[in-house]
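What's in coords.cif: mmCIF, C-alpha atoms
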data_start
#
loop_
_atom_site.label_atom_id
_atom_site.label_comp_id
_atom_site.auth_asym_id
_atom_site.auth_seq_id
_atom_site.Cartn_x
_atom_site.Cartn_y
_atom_site.Cartn_z
CA MET A 1 101.92 29.77 -50.94
CA GLY A 2 105.20 31.54 -50.29
CA ASP A 3 103.86 33.52 -47.32
CA GLU A 4 103.06 30.41 -45.31
CA GLU A 5 104.82 29.98 -42.00
CA PRO A 6 104.90 26.51 -40.41
CA VAL A 7 104.22 26.83 -36.70
CA LEU A 8 104.67 23.15 -35.80
CA ASP A 9 107.28 20.73 -37.07
CA MET A 10 105.94 17.32 -38.14
CA VAL A 11 108.68 15.23 -36.55
CA THR A 12 108.85 12.89 -33.62
CA THR A 13 109.85 14.51 -30.37
CA THR A 14 113.16 13.04 -29.25
CA ALA A 15 113.68 14.75 -25.89
CA PRO A 16 114.63 12.30 -23.11
CA ILE A 17 111.89 11.11 -20.79
CA PRO A 18 112.10 12.86 -17.39
CA ARG A 19 113.22 10.59 -14.56
CA ARG A 20 110.01 11.10 -12.60
CA ILE A 21 107.98 9.92 -15.63
CA VAL A 22 110.09 6.76 -15.91
CA TYR A 23 109.49 6.05 -12.20
CA LEU A 24 105.76 6.68 -12.64
CA GLN A 25 105.52 4.31 -15.62
CA ARG A 26 107.38 1.62 -13.68
CA TRP A 27 105.06 1.83 -10.67
CA LEU A 28 101.99 1.94 -12.90
CA ALA A 29 103.19 -1.31 -14.50
CA ARG A 30 103.68 -2.92 -11.09
CA SER A 31 100.24 -1.73 -9.98
CA ALA A 32 98.71 -3.26 -13.12
CA PHE A 33 100.17 -6.66 -12.20
CA LEU A 34 98.91 -6.29 -8.63
CA ALA A 35 95.38 -5.55 -9.89
CA ALA A 36 95.57 -8.52 -12.29
CA ALA A 37 96.74 -10.78 -9.46
CA ALA A 38 93.85 -9.57 -7.32
CA CYS A 39 91.49 -10.76 -10.07
CA LEU A 40 92.72 -14.31 -9.38
CA VAL A 41 93.07 -14.10 -5.61
CA LEU A 42 89.69 -12.55 -4.80
CA PRO A 43 87.49 -15.34 -6.25
CA LEU A 44 89.71 -18.03 -4.70
CA ALA A 45 89.70 -16.33 -1.30
CA VAL A 46 85.92 -15.80 -1.23
CA ALA A 47 84.55 -18.75 -3.20
CA GLY A 48 87.30 -21.35 -2.91
CA VAL A 49 86.52 -24.38 -5.07
CA ARG A 50 83.30 -22.72 -6.16
CA SER A 51 85.38 -20.17 -8.06
CA VAL A 52 85.95 -22.84 -10.73
CA GLY A 53 82.21 -23.09 -11.27
CA LEU A 54 82.04 -19.30 -11.20
CA LEU A 55 84.50 -19.14 -14.06
CA LEU A 56 82.94 -21.98 -16.06
CA ILE A 57 79.43 -20.52 -15.85
CA GLY A 58 80.71 -17.10 -16.86
CA LEU A 59 82.60 -18.49 -19.85
CA GLY A 60 79.68 -20.70 -20.86
CA GLY A 61 77.27 -17.78 -20.66
CA ALA A 62 79.58 -15.60 -22.75
CA ALA A 63 79.96 -18.32 -25.40
CA LEU A 64 76.21 -18.89 -25.58
CA THR A 65 75.56 -15.15 -25.82
CA LEU A 66 78.03 -14.75 -28.69
CA ALA A 67 76.57 -17.76 -30.52
CA ALA A 68 73.05 -16.37 -30.10
CA GLY A 69 74.24 -13.02 -31.47
CA TRP A 70 75.61 -14.74 -34.54
CA TRP A 71 72.37 -16.64 -35.11
CA PHE A 72 70.36 -13.43 -34.69
CA LEU A 73 72.38 -11.73 -37.44
CA SER A 74 72.66 -14.70 -39.79
CA ARG A 75 69.14 -16.20 -39.66
CA ARG A 76 65.60 -15.05 -40.38
CA GLY A 77 62.15 -15.88 -39.09
CA VAL A 78 61.62 -18.07 -36.01
CA LEU A 79 65.33 -18.89 -35.60
CA ARG A 80 66.20 -15.20 -35.40
CA TRP A 81 63.67 -14.52 -32.66
CA VAL A 82 64.67 -17.63 -30.71
CA ALA A 83 68.25 -16.38 -30.88
CA ALA A 84 67.10 -12.95 -29.71
CA GLY A 85 65.43 -14.58 -26.71
CA VAL A 86 68.59 -16.52 -25.86
CA LEU A 87 70.62 -13.35 -26.30
CA LEU A 88 68.50 -11.55 -23.71
CA VAL A 89 67.91 -14.39 -21.26
CA THR A 90 71.42 -15.84 -20.98
CA PRO A 91 73.09 -12.86 -19.24
CA LEU A 92 70.12 -12.58 -16.88
CA ALA A 93 70.30 -16.29 -16.05
CA VAL A 94 74.04 -16.08 -15.33
CA ALA A 95 73.50 -13.03 -13.12
CA ALA A 96 70.66 -14.84 -11.29
CA TRP A 97 72.97 -17.79 -10.57
CA TYR A 98 75.62 -15.46 -9.17
CA ILE A 99 73.04 -13.72 -7.00
CA ARG A 100 71.68 -17.02 -5.67
CA ALA A 101 75.23 -18.13 -4.84
CA GLU A 102 75.86 -14.71 -3.24
CA LEU A 103 78.81 -14.21 -5.57
CA LEU A 104 77.58 -11.38 -7.77
CA TRP A 105 79.65 -8.83 -5.88
CA VAL A 106 82.75 -10.96 -6.45
CA VAL A 107 82.14 -10.93 -10.21
CA VAL A 108 81.58 -7.18 -10.26
CA VAL A 109 84.67 -6.39 -8.17
CA THR A 110 86.80 -8.80 -10.21
CA ALA A 111 85.64 -7.17 -13.44
CA LEU A 112 86.45 -3.72 -12.06
CA LEU A 113 89.91 -4.92 -10.99
CA TRP A 114 90.55 -6.26 -14.48
CA VAL A 115 89.49 -2.97 -16.06
CA LEU A 116 91.80 -1.20 -13.60
CA ALA A 117 94.69 -3.52 -14.53
CA LEU A 118 94.22 -2.83 -18.23
CA GLY A 119 93.94 0.91 -17.66
CA LEU A 120 97.08 1.04 -15.54
CA GLY A 121 98.95 -1.13 -18.04
CA ARG A 122 98.01 0.98 -21.03
CA THR A 123 98.95 4.16 -19.17
CA ALA A 124 102.31 2.69 -18.21
CA LEU A 125 102.99 1.74 -21.84
CA SER A 126 101.98 5.12 -23.24
CA GLU A 127 104.57 6.40 -25.66
CA LEU A 128 106.55 9.18 -24.05
CA PRO A 129 107.57 11.39 -25.66
CA ARG A 130 104.69 11.30 -28.15
CA PRO A 131 105.04 12.05 -31.86
CA ALA A 132 104.51 15.71 -32.71
CA PRO A 133 101.07 16.64 -34.10
CA PRO A 134 100.61 17.41 -37.82
CA ALA A 135 102.27 20.57 -39.08
CA GLU A 136 100.16 23.72 -38.92
CA TYR A 137 100.71 26.69 -41.23
CA ASP A 138 99.89 30.32 -40.56
CA THR A 139 98.19 31.74 -43.64
CA PRO A 140 96.17 34.93 -44.23
CA SER A 141 92.46 34.82 -43.48
CA PRO A 142 90.32 34.34 -46.61
CA ARG A 143 88.89 37.45 -48.24
CA HIS A 144 86.18 35.74 -50.27
CA PRO A 145 85.12 32.52 -48.48
CA PHE A 146 82.38 30.50 -50.12
CA LEU A 147 80.40 28.04 -48.00
CA ILE A 148 77.96 25.37 -49.14
CA MET A 149 75.47 24.26 -46.52
CA ASN A 150 73.04 21.35 -46.62
CA PRO A 151 70.04 22.24 -44.41
CA ARG A 152 68.95 18.57 -44.30
CA SER A 153 72.21 17.15 -42.94
CA GLY A 154 72.48 16.11 -39.33
CA GLY A 155 68.77 16.49 -38.70
CA GLY A 156 68.79 20.16 -39.66
CA LYS A 157 71.88 21.41 -37.80
CA VAL A 158 72.42 24.27 -40.25
CA THR A 159 69.09 25.82 -39.28
CA ARG A 160 69.15 24.77 -35.63
CA PHE A 161 72.53 26.40 -34.98
CA GLY A 162 71.95 29.39 -37.28
CA LEU A 163 75.12 28.58 -39.22
CA ALA A 164 74.24 30.43 -42.42
CA ASP A 165 73.60 33.79 -40.73
CA ALA A 166 76.66 33.38 -38.50
CA ALA A 167 78.87 32.67 -41.52
CA ARG A 168 77.51 35.64 -43.44
CA ALA A 169 78.22 37.84 -40.43
CA ARG A 170 81.86 36.76 -40.76
CA GLY A 171 81.98 37.82 -44.38
CA ALA A 172 81.30 34.49 -46.10
CA GLU A 173 79.07 33.90 -49.09
CA VAL A 174 76.66 31.08 -48.27
CA VAL A 175 74.62 28.91 -50.63
CA LEU A 176 72.10 26.37 -49.34
CA LEU A 177 71.68 23.10 -51.19
CA ASP A 178 68.09 22.84 -52.37
CA ASP A 179 66.10 21.99 -55.48
CA GLU A 180 67.68 24.94 -57.31
CA HIS A 181 71.23 24.28 -56.11
CA LYS A 182 71.78 20.52 -56.10
CA ASN A 183 75.31 19.95 -57.37
CA ALA A 184 77.83 20.89 -54.67
CA ALA A 185 80.85 20.25 -56.91
CA SER A 186 79.55 22.53 -59.67
CA LEU A 187 78.75 25.27 -57.15
CA ALA A 188 82.25 25.04 -55.72
CA ARG A 189 83.95 25.15 -59.10
CA GLU A 190 81.90 28.16 -60.22
CA ALA A 191 82.72 29.94 -56.96
CA VAL A 192 86.48 29.48 -57.49
CA TYR A 193 86.21 30.83 -61.03
CA ALA A 194 84.35 33.84 -59.58
CA GLY A 195 87.19 34.56 -57.14
CA ALA A 196 86.50 32.52 -54.00
CA ASP A 197 89.70 31.90 -52.03
CA LEU A 198 88.21 29.31 -49.63
CA LEU A 199 85.63 26.57 -50.06
CA GLY A 200 83.72 25.20 -47.08
CA VAL A 201 80.98 22.68 -46.45
CA ALA A 202 78.42 22.23 -43.69
CA GLY A 203 77.03 18.80 -44.45
CA GLY A 204 77.73 15.10 -44.61
CA ASP A 205 81.03 13.45 -45.46
CA GLY A 206 79.85 12.63 -48.99
CA THR A 207 79.30 16.32 -49.74
CA GLN A 208 82.60 17.14 -48.02
CA ALA A 209 84.41 14.80 -50.40
CA LEU A 210 82.85 16.36 -53.51
CA VAL A 211 83.91 19.88 -52.58
CA ALA A 212 87.28 18.76 -51.18
CA ASP A 213 88.05 17.32 -54.62
CA VAL A 214 87.42 20.72 -56.22
CA ALA A 215 89.50 22.47 -53.54
CA ALA A 216 92.43 20.11 -54.10
CA GLU A 217 92.15 20.47 -57.86
CA THR A 218 92.13 24.29 -57.76
CA GLY A 219 94.55 24.68 -54.84
CA VAL A 220 92.25 26.76 -52.62
CA PRO A 221 91.88 26.01 -48.89
CA PHE A 222 89.00 23.88 -47.69
CA MET A 223 86.97 24.29 -44.49
CA VAL A 224 84.86 21.71 -42.65
CA ILE A 225 81.81 22.63 -40.57
CA SER A 226 80.59 19.71 -38.44
CA ALA A 227 76.93 19.83 -39.43
CA GLY A 228 76.59 16.24 -40.65
CA THR A 229 75.22 13.23 -38.82
CA ARG A 230 78.46 11.54 -37.80
CA ASN A 231 81.14 13.99 -38.91
CA HIS A 232 83.93 11.40 -39.10
CA PHE A 233 86.18 13.68 -41.15
CA ALA A 234 85.63 16.57 -38.74
CA LEU A 235 86.45 14.31 -35.80
CA ASP A 236 89.74 13.18 -37.30
CA LEU A 237 90.64 16.79 -38.05
CA GLY A 238 90.26 17.53 -34.35
CA LEU A 239 87.20 19.76 -34.77
CA ASP A 240 84.37 20.23 -32.29
CA ARG A 241 81.55 17.93 -33.41
CA GLU A 242 79.11 19.05 -30.72
CA HIS A 243 79.37 22.76 -31.49
CA PRO A 244 79.54 23.34 -35.26
CA MET A 245 79.48 27.09 -34.70
CA ALA A 246 83.04 26.81 -33.35
CA CYS A 247 84.23 25.61 -36.77
CA LEU A 248 83.44 29.07 -38.18
CA ASP A 249 86.29 30.50 -36.09
CA ALA A 250 88.59 29.25 -38.84
CA LEU A 251 87.39 32.16 -40.99
CA THR A 252 88.98 34.74 -38.69
CA ASP A 253 91.52 32.88 -36.56
CA GLY A 254 92.66 29.73 -38.28
CA VAL A 255 95.64 27.71 -39.39
CA GLU A 256 96.07 25.29 -42.26
CA LEU A 257 96.76 21.57 -42.27
CA ARG A 258 97.85 19.43 -45.22
CA VAL A 259 95.91 16.18 -45.42
CA ASP A 260 95.72 13.23 -47.79
CA LEU A 261 92.80 12.37 -50.06
CA GLY A 262 91.73 8.93 -51.18
CA ARG A 263 90.73 8.11 -54.73
CA VAL A 264 88.61 5.20 -55.96
CA GLY A 265 87.15 4.72 -59.42
CA GLY A 266 87.67 8.37 -60.33
CA ARG A 267 86.00 9.60 -57.13
CA THR A 268 87.56 11.26 -54.11
CA PHE A 269 86.91 10.07 -50.56
CA VAL A 270 87.88 11.74 -47.30
CA ASN A 271 87.06 8.77 -45.05
CA ASN A 272 86.77 5.37 -46.71
CA ALA A 273 85.57 3.15 -49.50
CA SER A 274 83.77 -0.02 -48.40
CA PHE A 275 83.36 -3.28 -50.29
CA GLY A 276 81.33 -6.41 -49.63
CA ALA A 277 78.67 -6.65 -46.92
CA TYR A 278 78.44 -3.01 -45.88
CA ALA A 279 78.51 -1.76 -49.46
CA THR A 280 75.70 -4.17 -50.34
CA VAL A 281 73.61 -2.92 -47.42
CA VAL A 282 74.17 0.74 -48.33
CA ASP A 283 73.19 -0.01 -51.94
CA ARG A 284 69.67 -1.07 -50.92
CA PRO A 285 67.07 1.68 -51.64
CA SER A 286 65.52 1.15 -48.20
CA TYR A 287 68.82 1.87 -46.37
CA ARG A 288 68.27 5.63 -46.01
CA GLY A 289 64.97 5.22 -44.22
CA LYS A 290 65.57 1.95 -42.33
CA LYS A 291 69.28 1.39 -41.75
CA ALA A 292 68.99 -1.28 -39.05
CA GLY A 293 66.07 -3.07 -40.72
CA THR A 294 67.84 -3.17 -44.08
CA ALA A 295 71.02 -4.56 -42.52
CA LEU A 296 69.11 -7.31 -40.70
CA ASP A 297 67.35 -8.23 -43.93
CA VAL A 298 70.53 -8.45 -46.03
CA LEU A 299 73.05 -9.95 -43.60
CA PRO A 300 71.72 -13.54 -43.58
CA ASP A 301 72.35 -13.87 -47.31
CA LEU A 302 75.84 -12.41 -47.01
CA LEU A 303 76.95 -14.27 -43.88
CA THR A 304 75.54 -17.76 -44.45
CA ASP A 305 74.54 -18.15 -48.09
CA HIS A 306 77.64 -16.19 -49.22
CA THR A 307 75.70 -14.42 -51.93
CA GLY A 308 77.32 -11.61 -53.84
CA PRO A 309 80.66 -11.49 -55.62
CA ALA A 310 83.73 -13.10 -54.05
CA LEU A 311 86.29 -10.38 -53.32
CA ARG A 312 90.05 -10.46 -53.70
CA VAL A 313 91.98 -7.55 -52.18
CA THR A 314 95.57 -6.89 -53.23
CA VAL A 315 97.84 -4.58 -51.25
CA GLY A 316 101.38 -4.66 -52.59
CA GLN A 317 102.53 -8.29 -52.28
CA THR A 318 99.68 -9.17 -49.90
CA VAL A 319 96.55 -10.84 -51.32
CA LEU A 320 93.43 -11.24 -49.16
CA GLU A 321 91.08 -13.87 -50.56
CA GLY A 322 87.33 -13.94 -50.02
CA PRO A 323 86.68 -11.37 -47.26
CA VAL A 324 83.03 -10.79 -46.41
CA ALA A 325 83.75 -7.09 -46.08
CA ALA A 326 86.72 -4.84 -46.80
CA LEU A 327 87.26 -1.22 -45.83
CA VAL A 328 89.87 0.94 -47.55
CA SER A 329 90.49 4.11 -45.55
CA ASN A 330 92.23 7.41 -46.19
CA ASN A 331 95.03 6.72 -43.66
CA PRO A 332 94.77 3.73 -41.29
CA TYR A 333 92.10 3.38 -38.64
CA CYS A 334 92.94 2.54 -35.06
CA VAL A 335 92.11 -1.13 -34.38
CA ASP A 336 94.01 -1.74 -31.14
CA ASP A 337 91.98 0.56 -28.91
CA VAL A 338 88.25 -0.22 -28.66
CA ALA A 339 87.53 3.29 -27.36
CA HIS A 340 89.09 4.79 -30.50
CA PHE A 341 88.13 2.11 -33.03
CA GLY A 342 87.17 3.70 -36.33
CA ARG A 343 89.24 6.82 -35.71
CA ARG A 344 92.42 8.04 -37.38
CA SER A 345 95.07 9.81 -35.34
CA ARG A 346 96.67 11.28 -38.48
CA LEU A 347 95.44 12.19 -41.94
CA ASP A 348 98.83 12.88 -43.50
CA VAL A 349 100.70 9.58 -43.15
CA GLY A 350 100.53 8.95 -46.89
CA VAL A 351 99.15 5.39 -46.89
CA LEU A 352 95.78 3.69 -47.27
CA GLY A 353 94.54 1.49 -44.45
CA VAL A 354 92.78 -1.81 -45.18
CA LEU A 355 90.53 -3.76 -42.83
CA ALA A 356 89.29 -7.09 -44.22
CA VAL A 357 86.81 -9.23 -42.30
CA THR A 358 86.25 -12.94 -42.91
CA VAL A 359 83.28 -14.35 -41.00
CA ARG A 360 81.95 -17.79 -41.95
CA GLY A 361 80.42 -18.84 -38.65
CA ALA A 362 80.01 -18.17 -34.94
CA ARG A 363 83.63 -19.13 -34.28
CA ASP A 364 84.91 -16.49 -36.71
CA ALA A 365 82.57 -13.90 -35.19
CA THR A 366 83.97 -14.67 -31.74
CA ARG A 367 87.53 -14.32 -33.02
CA LEU A 368 86.81 -10.73 -34.02
CA LEU A 369 86.84 -9.85 -30.32
CA ARG A 370 90.61 -10.39 -30.41
CA GLY A 371 90.98 -7.33 -32.66
CA ARG A 372 94.21 -7.16 -34.67
CA ARG A 373 95.27 -10.57 -33.31
CA SER A 374 92.18 -12.24 -34.77
CA ARG A 375 92.53 -14.45 -37.83
CA SER A 376 89.11 -13.15 -38.90
CA LEU A 377 90.38 -9.56 -39.12
CA GLN A 378 93.27 -8.74 -41.43
CA VAL A 379 94.90 -5.32 -41.15
CA VAL A 380 97.32 -4.07 -43.81
CA GLN A 381 98.29 -0.78 -45.38
CA GLY A 382 99.82 0.46 -48.61
CA ARG A 383 99.89 3.25 -51.16
CA GLU A 384 97.64 1.39 -53.60
CA VAL A 385 94.86 -1.17 -53.13
CA THR A 386 93.14 -3.21 -55.83
CA VAL A 387 89.80 -4.91 -55.19
CA ASP A 388 88.77 -7.53 -57.75
CA ALA A 389 85.77 -9.87 -57.85
CA ASP A 390 84.17 -12.61 -59.90
CA ALA A 391 81.72 -10.04 -61.29
CA PRO A 392 82.07 -7.26 -63.88
CA SER A 393 80.96 -4.61 -61.38
CA ILE A 394 80.41 -4.38 -57.62
CA PRO A 395 78.73 -1.98 -55.19
CA VAL A 396 81.11 0.36 -53.38
CA GLY A 397 80.22 2.59 -50.45
CA ILE A 398 82.20 5.84 -50.85
CA ASP A 399 81.93 7.98 -47.71
CA GLY A 400 78.51 6.47 -47.07
CA GLU A 401 77.18 6.93 -50.62
CA SER A 402 76.55 3.92 -52.86
CA PHE A 403 78.09 3.52 -56.34
CA TRP A 404 78.63 0.64 -58.76
CA LEU A 405 82.17 0.42 -60.15
CA HIS A 406 83.72 -1.86 -62.76
CA THR A 407 86.23 -4.43 -61.51
CA PRO A 408 89.04 -4.40 -60.76
CA VAL A 409 88.59 -1.33 -58.59
CA ARG A 410 91.79 0.61 -57.91
CA CYS A 411 92.21 2.74 -54.78
CA THR A 412 95.02 5.29 -54.57
CA LEU A 413 96.09 8.15 -52.33
CA ARG A 414 96.97 11.77 -53.06
CA PRO A 415 99.42 12.69 -50.28
CA ARG A 416 98.88 16.11 -48.65
CA ALA A 417 96.70 17.16 -51.58
CA LEU A 418 94.18 19.14 -49.54
CA ARG A 419 94.76 22.38 -47.65
CA VAL A 420 92.31 22.37 -44.73
CA ARG A 421 91.72 25.53 -42.71
CA VAL A 422 90.78 24.79 -39.09
CA PRO A 423 90.31 26.96 -35.99
CA ARG A 424 93.53 27.69 -34.16
CA ASN A 425 91.81 26.68 -30.91
CA ARG A 426 90.05 23.34 -31.29
CA PRO A 427 89.70 20.10 -29.29
CA GLY A 428 92.34 18.31 -31.37
CA VAL A 429 92.82 14.58 -31.93
CA ARG A 430 93.52 12.40 -28.93
CA PRO A 431 96.32 9.95 -29.79
CA PRO A 432 95.32 6.29 -29.60
CA ARG A 433 96.31 4.33 -26.53
CA PRO A 434 99.11 1.79 -26.92
CA THR A 435 98.45 -1.88 -27.52
CA MET A 436 98.31 -3.88 -24.30
CA ASN A 437 101.49 -5.98 -24.18
CA TRP A 438 101.92 -7.96 -20.95
CA ARG A 439 105.45 -9.07 -21.83
CA ARG A 440 106.65 -5.52 -22.34
CA LEU A 441 104.74 -4.44 -19.25
CA GLY A 442 106.56 -7.13 -17.26
CA ARG A 443 109.95 -5.88 -18.43
CA LEU A 444 108.95 -2.37 -17.40
CA ALA A 445 107.75 -3.52 -13.96
CA LEU A 446 111.02 -5.40 -13.29
CA SER A 447 113.31 -2.70 -14.65
CA THR A 448 115.61 -0.59 -12.51
CA GLY A 449 117.63 2.55 -13.14
CA HIS A 450 116.49 5.71 -14.87
CA ARG A 451 115.90 4.58 -18.46
CA ALA A 452 112.56 3.63 -19.96
CA VAL A 453 112.03 0.20 -21.48
CA ASP A 454 112.08 0.14 -25.27
CA ALA A 455 109.17 -1.28 -27.23
#
Before we go any further, please render this structure as structure tokens.
Amino acid sequence: MGDEEPVLDMVTTTAPIPRRIVYLQRWLARSAFLAAAACLVLPLAVAGVRSVGLLLIGLGGAALTLAAGWWFLSRRGVLRWVAAGVLLVTPLAVAAWYIRAELLWVVVVTALLWVLALGLGRTALSELPRPAPPAEYDTPSPRHPFLIMNPRSGGGKVTRFGLADAARARGAEVVLLDDEHKNAASLAREAVYAGADLLGVAGGDGTQALVADVAAETGVPFMVISAGTRNHFALDLGLDREHPMACLDALTDGVELRVDLGRVGGRTFVNNASFGAYATVVDRPSYRGKKAGTALDVLPDLLTDHTGPALRVTVGQTVLEGPVAALVSNNPYCVDDVAHFGRRSRLDVGVLGVLAVTVRGARDATRLLRGRRSRSLQVVQGREVTVDADAPSIPVGIDGESFWLHTPVRCTLRPRALRVRVPRNRPGVRPPRPTMNWRRLGRLALSTGHRAVDA
């Protein structure tokens, strides 16, 4: 790889923040506090003493709705459908009370003001300058690209978008997975031995992981075509998920990234390995045809009867006892920004992310709304994760595919093991928004001079 030329440096930009940006951040912070204050003043000004009842009814309705949601997920039969009725009726009843009191518009405007306050606050706290994006490397275009396409993935995107013919027109050899060609890993390995200098996949993340493992092992570049159902890996690579044809531009005008690969029980994963509740759901034979129905059938046993093995997750010196579900990801997921939850801003940080959920009742379920600050959600990271249980083997969901692995299960990371070729022009990965911190925002709003407030 001596002819590679890095075109971006993977370091944090350290240039000073322009004065006008500092002023803008300061006034955005002040505007956020004004919008938040308006949330308090408006109900008092319009409703007076009735604003207390307005607040109590809203909070009571929210609590009842959350409790009903928990009962719907954790119970079966008549109790589940009663909970479903409460879940639907409660918000309508609260809205009807507001309408009768002629206060619905106050609630709507107050909610909009609160959303505005949060938006202004997050914008004011945005990290400027931002860290540089991952390094990109200019490398020669492949001469013998080999692409594996699954015509069943994503509801038939390969056929619908004409991906096979388009790839062949760009000089690629294309093989469709069918009854004759079933094993993607074997096809990829044979192609490399025959002289392929790039391996690509149009299919789901599970197939991506199989071929990515071969690419990392043999040192050839890997290419992702977003023809799966969810395309989580493609999303976190900054590819266009809506137009998989655009991914083929990497064949003629592309750059390379170096990304990490996860490893669990001798298998590679590009996204995550799940343990506990989700893994148990995925392991059910009915999951492929009835995802929602299978989850609703299994969850009551997991959430209330606590069936299944008790997990113990070890990350360095940290031990997480008895989570209902645990997710080990190839690089940490964003958990502070609801809009970007489940996304990774980088795939080359060199650490595994761990999300462990402990839910034993409606109170724990409500706490999850607090995100990282919730005692029901534990967020840690490390280079190695061990998942043990009081059972000789446990189900593990690896990039959405179900496997049974012997305990303890060890998860590791292979830093920058995979060379991924992506189009030079692509949507890219939007960095996550900063955590809302009212104390820091207050310091920024009260600051003077030309310097930004440190975190």
Please return as a count of residues only every residue within 6 Å of (78.4, 27.3, -45.8), taking into account only C-alpha atoms and the file's own coordinates.
7
For Arg414 (chain A), which residue among A:Leu28, A:Ala445, A:Val259, A:Ala194 is the nearest when counting all atoms listed in the file?
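Using all atoms listed in the file, the shortest distance to Arg414 (chain A) belongs to A:Val259.
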Closest of A:Lys157, A:Val429, A:Met436, A:Ala216 to Arg230 (chain A) - atom-to-atom distances counting all atoms listed in the file
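Answer, going by the shortest atom-to-atom distance: A:Lys157.
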Give me, as a tab-separated table, the closest atom pair and its distance (Å, one decimal) for every residue of region 128-181 of chain A within a cut-off of 12 Å of region 348-356 of chain A, counting only C-alpha atoms, rows sorted by chain and rising number.
residue	atom	partner	partner_atom	distance
A:Pro133	CA	A:Asp348	CA	10.4
A:Pro134	CA	A:Asp348	CA	7.5
A:Ala135	CA	A:Asp348	CA	9.5
A:Glu136	CA	A:Asp348	CA	11.8
Under the rule that only C-alpha atoms are counted, which of A:Val94, A:Val255, A:Ala188, A:Cys334 is the nearest residue to Asp138 (chain A)?
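For Asp138 (chain A), the nearest of the given residues is A:Val255.
Omitting Pro151 (chain A) and its sequence neighbours fewer than 6 positions away, and counting all atoms listed in the file, the residues within 9 Å are A:Lys157, A:Val158, A:Thr159, A:Leu176, A:Leu177, A:Asp178, A:Ala202, A:Gly203, A:Ala227.
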Given the file shown, enumerate the residues that the PyMOL selection byres ((chain A and resi 250) around 8) captures and present them as a count of residues only.
13
Repair of region 417-421 of chain A at the level of all heavy atoms, as a PDB file, in the coordinates of the input:
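Result went into part-v1.pdb, see below:
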ATOM      1  N   ALA A 417      97.270  16.455 -50.425  1.00  0.00           N
ATOM      2  CA  ALA A 417      96.700  17.160 -51.580  1.00  0.00           C
ATOM      3  C   ALA A 417      95.742  18.261 -51.178  1.00  0.00           C
ATOM      4  O   ALA A 417      95.448  19.151 -51.991  1.00  0.00           O
ATOM      5  CB  ALA A 417      95.970  16.154 -52.480  1.00  0.00           C
ATOM      6  N   LEU A 418      95.240  18.220 -49.954  1.00  0.00           N
ATOM      7  CA  LEU A 418      94.180  19.140 -49.540  1.00  0.00           C
ATOM      8  C   LEU A 418      94.667  20.078 -48.451  1.00  0.00           C
ATOM      9  O   LEU A 418      95.210  19.647 -47.428  1.00  0.00           O
ATOM     10  CB  LEU A 418      92.973  18.342 -49.043  1.00  0.00           C
ATOM     11  CG  LEU A 418      91.735  19.161 -48.650  1.00  0.00           C
ATOM     12  CD1 LEU A 418      91.147  19.860 -49.877  1.00  0.00           C
ATOM     13  CD2 LEU A 418      90.682  18.255 -48.004  1.00  0.00           C
ATOM     14  N   ARG A 419      94.484  21.368 -48.676  1.00  0.00           N
ATOM     15  CA  ARG A 419      94.760  22.380 -47.650  1.00  0.00           C
ATOM     16  C   ARG A 419      93.475  22.591 -46.854  1.00  0.00           C
ATOM     17  O   ARG A 419      92.473  23.050 -47.396  1.00  0.00           O
ATOM     18  CB  ARG A 419      95.190  23.694 -48.299  1.00  0.00           C
ATOM     19  CG  ARG A 419      96.403  23.593 -49.198  1.00  0.00           C
ATOM     20  CD  ARG A 419      96.546  24.844 -50.053  1.00  0.00           C
ATOM     21  NE  ARG A 419      96.631  26.054 -49.231  1.00  0.00           N
ATOM     22  CZ  ARG A 419      96.520  27.292 -49.731  1.00  0.00           C
ATOM     23  NH1 ARG A 419      96.276  27.476 -51.036  1.00  0.00           N
ATOM     24  NH2 ARG A 419      96.611  28.334 -48.924  1.00  0.00           N
ATOM     25  N   VAL A 420      93.500  22.256 -45.568  1.00  0.00           N
ATOM     26  CA  VAL A 420      92.310  22.370 -44.730  1.00  0.00           C
ATOM     27  C   VAL A 420      92.529  23.478 -43.703  1.00  0.00           C
ATOM     28  O   VAL A 420      93.490  23.432 -42.923  1.00  0.00           O
ATOM     29  CB  VAL A 420      91.991  21.056 -43.998  1.00  0.00           C
ATOM     30  CG1 VAL A 420      90.716  21.204 -43.178  1.00  0.00           C
ATOM     31  CG2 VAL A 420      91.838  19.919 -44.995  1.00  0.00           C
ATOM     32  N   ARG A 421      91.650  24.455 -43.691  1.00  0.00           N
ATOM     33  CA  ARG A 421      91.720  25.530 -42.710  1.00  0.00           C
ATOM     34  C   ARG A 421      90.857  25.165 -41.515  1.00  0.00           C
ATOM     35  O   ARG A 421      89.668  24.876 -41.651  1.00  0.00           O
ATOM     36  CB  ARG A 421      91.268  26.856 -43.323  1.00  0.00           C
ATOM     37  CG  ARG A 421      91.528  28.064 -42.406  1.00  0.00           C
ATOM     38  CD  ARG A 421      91.322  29.372 -43.129  1.00  0.00           C
ATOM     39  NE  ARG A 421      91.578  30.501 -42.237  1.00  0.00           N
ATOM     40  CZ  ARG A 421      92.768  31.033 -42.002  1.00  0.00           C
ATOM     41  NH1 ARG A 421      93.827  30.528 -42.629  1.00  0.00           N
ATOM     42  NH2 ARG A 421      92.913  32.052 -41.181  1.00  0.00           N
TER      43      ARG A 421
END
